[in-house]
Amino acid sequence: MTAVRQKIIAGNWKMYKTIAEAVDFVKNLIPLIKESPVSVYLAVPFTVIKPAADQAKGSSIFIGAQNMNDASEGAFTGEIAARMLKDAGAQFVILGHSERRHLFHESSELVNKKVRKALSEGLQPIVCIGETASERADGATEKVLQEQLLQSLAGVSALEMKHVILAYEPVWAIGTGQAATPEDAEAMHRFCRKCIADVWGEDVSQQIVIQYGGSVKPANAKAFMDKEDVDGLLVGGASLTLDTFSNIIHYHSQS
Ligand code: PGA
């Protein structure tokens with residue numbers, strides 16, 4: 001039996017947009033997505049969380065962050081705590097994005113600490129996993145995904161897993177214009193669901209939302225979303241312009 005899962009399309013703005021640009025974007029996005037059954041998430045820079053969340057109030061847009069520290073508070077110059085993100089209006093946080101793993105050397109162990117902290121503070125984590133081009137060329141994709149998934153989510157209870165979103169983002173597809181094929185994404189999502197079923201049971205594996213990310217555009221969004229095990233998308237570059245992001249959200253009307 002397959003569960004009916006929520007469709008969640010998230011934008012990851014990375015290090016783009018000022019407060020004025022973000023508020024304007026959210027204000028203009030609201031009427032464009034009014035009729036959409038899809039949940040829309042926007043992961044924005046820290047400085048923009050509060051104004052964007054205020055602007056999004058009463059709409060179907062959820063505002064979140066792109067990273068956080070695993071500690072509650074402390075002498076950690078330049079870091080930000082889950083409590084502070086919530087206080088500013090964040091409802092979710094992206095954790096373990098490949099740019100964090102590769103540019104800032106975050107291990108799955110650290111991602112795991114952050115995931116558990118986010119859950120304990122009531123922030124929904126979007127947990128990213130994905131193989132590099134060379135891992136793929138070596139035939140190690142499944143091994144890498146399984147390791148990142150199990151280590152990043154270690155110790156998370158079955159109940160907590162219902163609040164977790166998993167994002168499969170092959171590193172070679174991020175920002176390259178070279179997306180995975182929808183068939184490849186579907187196969188990897190199925191593999192992730194199987195890994196989840198082995199640890200947390202069939203129910204959890206059928207309920208968890210799994211997003212695909214990596215060079216998603218209006219032209220390929222529908223092909224990904226048409227796949228049974230693809231429940232959503234994590235969109236970088238194409239989430240920065242209103243036109244492309246709203247077209248992705250309305251993927252069902254793309255030919
Ligand atoms: P991209 O980025 O859509 O620009 O490839 C995806 C991501 O980094 O989440």
# chains A, B, ... in the order shown; residues from 1 in each chain; ligands from 1
$ residues_around --residues "Leu234 (chain A)" --least-positions-apart "4" --cutoff "12 Å" --atoms "only C-alpha atoms" --output "count of residues only"
46
$ residues_around --residues "Lys27 (chain A)" --least-positions-apart "2" --cutoff "12 Å" --atoms "only C-alpha atoms" --output "list in words"
Ala20, Glu21, Ala22, Val23, Asp24, Phe25, Leu29, Ile30, Pro31, Leu32, Ile33, Lys34, Pro51, Ala52, Ala53, Asp54, Gln55, Ala56, Lys57, Gly58, Ser59, Ser60, Ile61 and Leu242 of chain A
$ write_last_selection --atoms "C-alpha atoms" --output "compact mmCIF listing (two decimals), in the first residue's frame"
# COMPACT_ATOMS: atom_id res chain seq x y z
CA ALA A 20 13.81 44.46 0.62
CA GLU A 21 14.28 41.91 -2.17
CA ALA A 22 13.02 39.05 -0.01
CA VAL A 23 9.93 40.87 1.26
CA ASP A 24 9.05 41.89 -2.27
CA PHE A 25 9.48 38.31 -3.50
CA LEU A 29 4.63 35.03 -4.66
CA ILE A 30 1.57 34.76 -2.39
CA PRO A 31 -1.08 35.57 -5.03
CA LEU A 32 0.70 33.44 -7.65
CA ILE A 33 0.45 30.24 -5.60
CA LYS A 34 -2.93 30.73 -3.92
CA PRO A 51 10.88 40.09 7.65
CA ALA A 52 10.09 37.23 5.24
CA ALA A 53 8.18 35.31 7.94
CA ASP A 54 6.20 38.44 8.85
CA GLN A 55 5.34 38.95 5.20
CA ALA A 56 4.36 35.28 4.77
CA LYS A 57 2.02 35.23 7.79
CA GLY A 58 -1.42 33.87 6.90
CA SER A 59 -0.18 32.47 3.57
CA SER A 60 0.82 28.92 2.64
CA ILE A 61 4.52 29.83 2.52
CA LEU A 242 9.49 34.68 -9.13
$ residues_around --residues "Gly96 (chain A)" --least-positions-apart "2" --cutoff "9 Å" --atoms "only C-alpha atoms" --output "list of chain:residue names"
A:Asn67, A:Ile94, A:Ser98, A:Glu99, A:Arg100, A:Arg101, A:Glu106, A:Ser107, A:Ser108, A:Leu110, A:Val111, A:Asn112, A:Lys114, A:Val115, A:Ile126, A:Val127, A:Cys128, A:Ile129, A:Ser152
$ write_last_selection --atoms "all heavy atoms" --output "compact mmCIF listing (two decimals), in the first residue's frame"
# COMPACT_ATOMS: atom_id res chain seq x y z
N ASN A 67 20.92 26.56 7.74
CA ASN A 67 21.94 25.93 8.58
C ASN A 67 21.70 26.39 10.01
O ASN A 67 20.97 27.36 10.25
CB ASN A 67 23.34 26.36 8.13
CG ASN A 67 24.44 25.71 8.95
OD1 ASN A 67 24.32 24.56 9.39
ND2 ASN A 67 25.52 26.44 9.17
N ILE A 94 17.30 23.69 6.62
CA ILE A 94 18.03 22.74 5.77
C ILE A 94 19.29 22.32 6.52
O ILE A 94 20.01 23.18 7.03
CB ILE A 94 18.42 23.38 4.42
CG1 ILE A 94 17.18 23.73 3.59
CG2 ILE A 94 19.34 22.46 3.62
CD1 ILE A 94 17.50 24.45 2.27
N SER A 98 24.95 19.90 0.53
CA SER A 98 26.28 19.50 0.04
C SER A 98 27.28 20.64 0.14
O SER A 98 28.48 20.40 0.32
CB SER A 98 26.20 18.96 -1.38
OG SER A 98 26.22 20.01 -2.29
N GLU A 99 26.81 21.89 0.02
CA GLU A 99 27.75 23.01 0.17
C GLU A 99 28.27 23.10 1.61
O GLU A 99 29.41 23.48 1.85
CB GLU A 99 27.08 24.31 -0.29
CG GLU A 99 27.02 24.37 -1.81
CD GLU A 99 25.84 25.12 -2.38
OE1 GLU A 99 25.23 25.94 -1.68
OE2 GLU A 99 25.52 24.87 -3.57
N ARG A 100 27.45 22.72 2.57
CA ARG A 100 27.90 22.67 3.97
C ARG A 100 28.86 21.47 4.15
O ARG A 100 29.90 21.59 4.80
CB ARG A 100 26.73 22.51 4.95
CG ARG A 100 25.69 23.60 4.93
CD ARG A 100 26.11 24.96 5.42
NE ARG A 100 27.07 24.98 6.47
CZ ARG A 100 27.76 26.09 6.82
NH1 ARG A 100 27.55 27.23 6.19
NH2 ARG A 100 28.61 26.05 7.80
N ARG A 101 28.49 20.34 3.57
CA ARG A 101 29.33 19.14 3.75
C ARG A 101 30.68 19.33 3.08
O ARG A 101 31.72 18.98 3.64
CB ARG A 101 28.64 17.91 3.14
CG ARG A 101 27.40 17.43 3.91
CD ARG A 101 26.81 16.19 3.23
NE ARG A 101 25.55 15.77 3.80
CZ ARG A 101 25.41 14.87 4.77
NH1 ARG A 101 26.46 14.27 5.29
NH2 ARG A 101 24.21 14.53 5.21
N GLU A 106 31.38 19.67 6.87
CA GLU A 106 30.46 19.11 7.87
C GLU A 106 30.33 17.60 7.65
O GLU A 106 30.03 17.15 6.55
CB GLU A 106 29.08 19.77 7.76
CG GLU A 106 29.08 21.20 8.26
CD GLU A 106 27.67 21.76 8.46
OE1 GLU A 106 26.68 21.01 8.41
OE2 GLU A 106 27.59 22.98 8.65
N SER A 107 30.53 16.86 8.72
CA SER A 107 30.40 15.40 8.65
C SER A 107 28.96 15.01 8.93
O SER A 107 28.17 15.79 9.48
CB SER A 107 31.29 14.76 9.71
OG SER A 107 30.81 15.14 10.99
N SER A 108 28.63 13.76 8.60
CA SER A 108 27.28 13.26 8.91
C SER A 108 27.05 13.23 10.42
O SER A 108 25.92 13.38 10.88
CB SER A 108 27.08 11.87 8.32
OG SER A 108 26.97 11.96 6.93
N LEU A 110 28.13 15.45 12.58
CA LEU A 110 27.72 16.81 12.97
C LEU A 110 26.30 17.09 12.49
O LEU A 110 25.48 17.65 13.22
CB LEU A 110 28.70 17.85 12.40
CG LEU A 110 28.35 19.31 12.70
CD1 LEU A 110 28.27 19.57 14.21
CD2 LEU A 110 29.34 20.28 12.05
N VAL A 111 26.01 16.68 11.27
CA VAL A 111 24.65 16.87 10.73
C VAL A 111 23.64 16.19 11.66
O VAL A 111 22.59 16.74 11.97
CB VAL A 111 24.54 16.32 9.28
CG1 VAL A 111 23.10 16.40 8.77
CG2 VAL A 111 25.48 17.11 8.35
N ASN A 112 24.01 15.01 12.13
CA ASN A 112 23.12 14.27 13.04
C ASN A 112 22.83 15.05 14.33
O ASN A 112 21.70 15.12 14.80
CB ASN A 112 23.76 12.92 13.37
CG ASN A 112 22.91 12.09 14.32
OD1 ASN A 112 23.29 11.80 15.45
ND2 ASN A 112 21.72 11.74 13.88
N LYS A 114 22.88 18.24 14.67
CA LYS A 114 22.03 19.37 14.30
C LYS A 114 20.59 18.91 14.09
O LYS A 114 19.64 19.58 14.49
CB LYS A 114 22.56 20.04 13.03
CG LYS A 114 23.92 20.68 13.20
CD LYS A 114 24.36 21.38 11.92
CE LYS A 114 25.71 22.06 12.12
NZ LYS A 114 26.01 23.03 11.08
N VAL A 115 20.43 17.76 13.43
CA VAL A 115 19.08 17.23 13.15
C VAL A 115 18.36 16.97 14.46
O VAL A 115 17.20 17.36 14.64
CB VAL A 115 19.17 15.91 12.32
CG1 VAL A 115 17.82 15.21 12.26
CG2 VAL A 115 19.69 16.20 10.92
N ILE A 126 15.14 19.64 6.88
CA ILE A 126 15.26 19.05 5.54
C ILE A 126 16.68 18.52 5.48
O ILE A 126 17.65 19.31 5.49
CB ILE A 126 15.05 20.09 4.42
CG1 ILE A 126 13.63 20.67 4.47
CG2 ILE A 126 15.33 19.47 3.05
CD1 ILE A 126 13.32 21.67 3.34
N VAL A 127 16.84 17.22 5.50
CA VAL A 127 18.17 16.61 5.60
C VAL A 127 18.63 16.20 4.20
O VAL A 127 17.98 15.40 3.53
CB VAL A 127 18.12 15.37 6.53
CG1 VAL A 127 19.50 14.76 6.66
CG2 VAL A 127 17.56 15.76 7.89
N CYS A 128 19.77 16.78 3.78
CA CYS A 128 20.25 16.54 2.41
C CYS A 128 21.33 15.45 2.38
O CYS A 128 22.22 15.43 3.23
CB CYS A 128 20.87 17.81 1.84
SG CYS A 128 19.75 19.21 1.82
N ILE A 129 21.22 14.60 1.38
CA ILE A 129 22.25 13.59 1.13
C ILE A 129 22.50 13.54 -0.38
O ILE A 129 21.63 13.93 -1.15
CB ILE A 129 21.84 12.18 1.65
CG1 ILE A 129 20.56 11.70 0.98
CG2 ILE A 129 21.68 12.19 3.17
CD1 ILE A 129 20.23 10.25 1.31
N SER A 152 23.27 10.50 9.44
CA SER A 152 22.65 11.81 9.67
C SER A 152 21.38 11.68 10.50
O SER A 152 20.98 12.63 11.18
CB SER A 152 22.32 12.51 8.34
OG SER A 152 23.49 12.66 7.56
$ atom_distance --atom1 "CA of Ala179 (chain A)" --atom2 "CA of Asn220 (chain A)"
8.6 Å
$ select_by_dssp --residues "region 22-223 of chain A" --states "alpha helix (DSSP H)" --output "PyMOL selection string"
chain A and resi 22-32+46-56+82-88+98-103+108-120+133-137+141-152+158-161+182-200+202-207+218-223
$ residues_around --residues "Arg193 (chain A)" --least-positions-apart "4" --cutoff "9 Å" --atoms "only C-alpha atoms" --output "VMD selection string"
chain A and resid 188 to 189 197 to 198 202 204 to 206 208 210 229
$ write_last_selection --atoms "C-alpha atoms" --output "compact mmCIF listing (two decimals), in the first residue's frame"
# COMPACT_ATOMS: atom_id res chain seq x y z
CA MET A 188 17.52 6.54 -5.56
CA HIS A 189 14.40 7.64 -3.70
CA ALA A 197 12.12 0.83 6.16
CA ASP A 198 14.97 -1.39 7.41
CA GLU A 202 7.54 0.30 6.50
CA VAL A 204 7.74 5.55 8.35
CA SER A 205 9.33 4.79 4.99
CA GLN A 206 5.98 5.25 3.24
CA ILE A 208 8.48 10.35 4.78
CA ILE A 210 11.63 12.74 -0.16
CA ASP A 229 8.62 8.29 -4.97
$ closest_residue --among "A:Tyr251, A:Trp172, A:Ala158, A:Gly122" --to "Glu135 (chain A)" --atoms "only C-alpha atoms"
A:Trp172
$ atom_distance --atom1 "CA of Val144 (chain A)" --atom2 "CA of His105 (chain A)"
15.9 Å
$ closest_residue --among "A:Met15, A:Glu73, A:His252, A:Asn28" --to "ligand 1" --atoms "only C-alpha atoms and all ligand atoms"
A:Met15
$ decode --residues "region 155-167 of chain A" --atoms "C-alpha atoms" --output "compact mmCIF listing (two decimals), in the first residue's frame"
# COMPACT_ATOMS: atom_id res chain seq x y z
CA GLY A 155 18.96 8.07 17.03
CA VAL A 156 15.93 9.83 15.55
CA SER A 157 12.76 8.11 16.77
CA ALA A 158 10.05 6.77 14.44
CA LEU A 159 7.74 9.48 15.74
CA GLU A 160 10.29 12.21 15.01
CA MET A 161 10.94 10.77 11.54
CA LYS A 162 7.44 11.88 10.57
CA HIS A 163 8.65 15.50 10.81
CA VAL A 164 11.81 14.90 8.78
CA ILE A 165 12.06 15.72 5.08
CA LEU A 166 14.83 13.94 3.18
CA ALA A 167 16.35 15.60 0.11
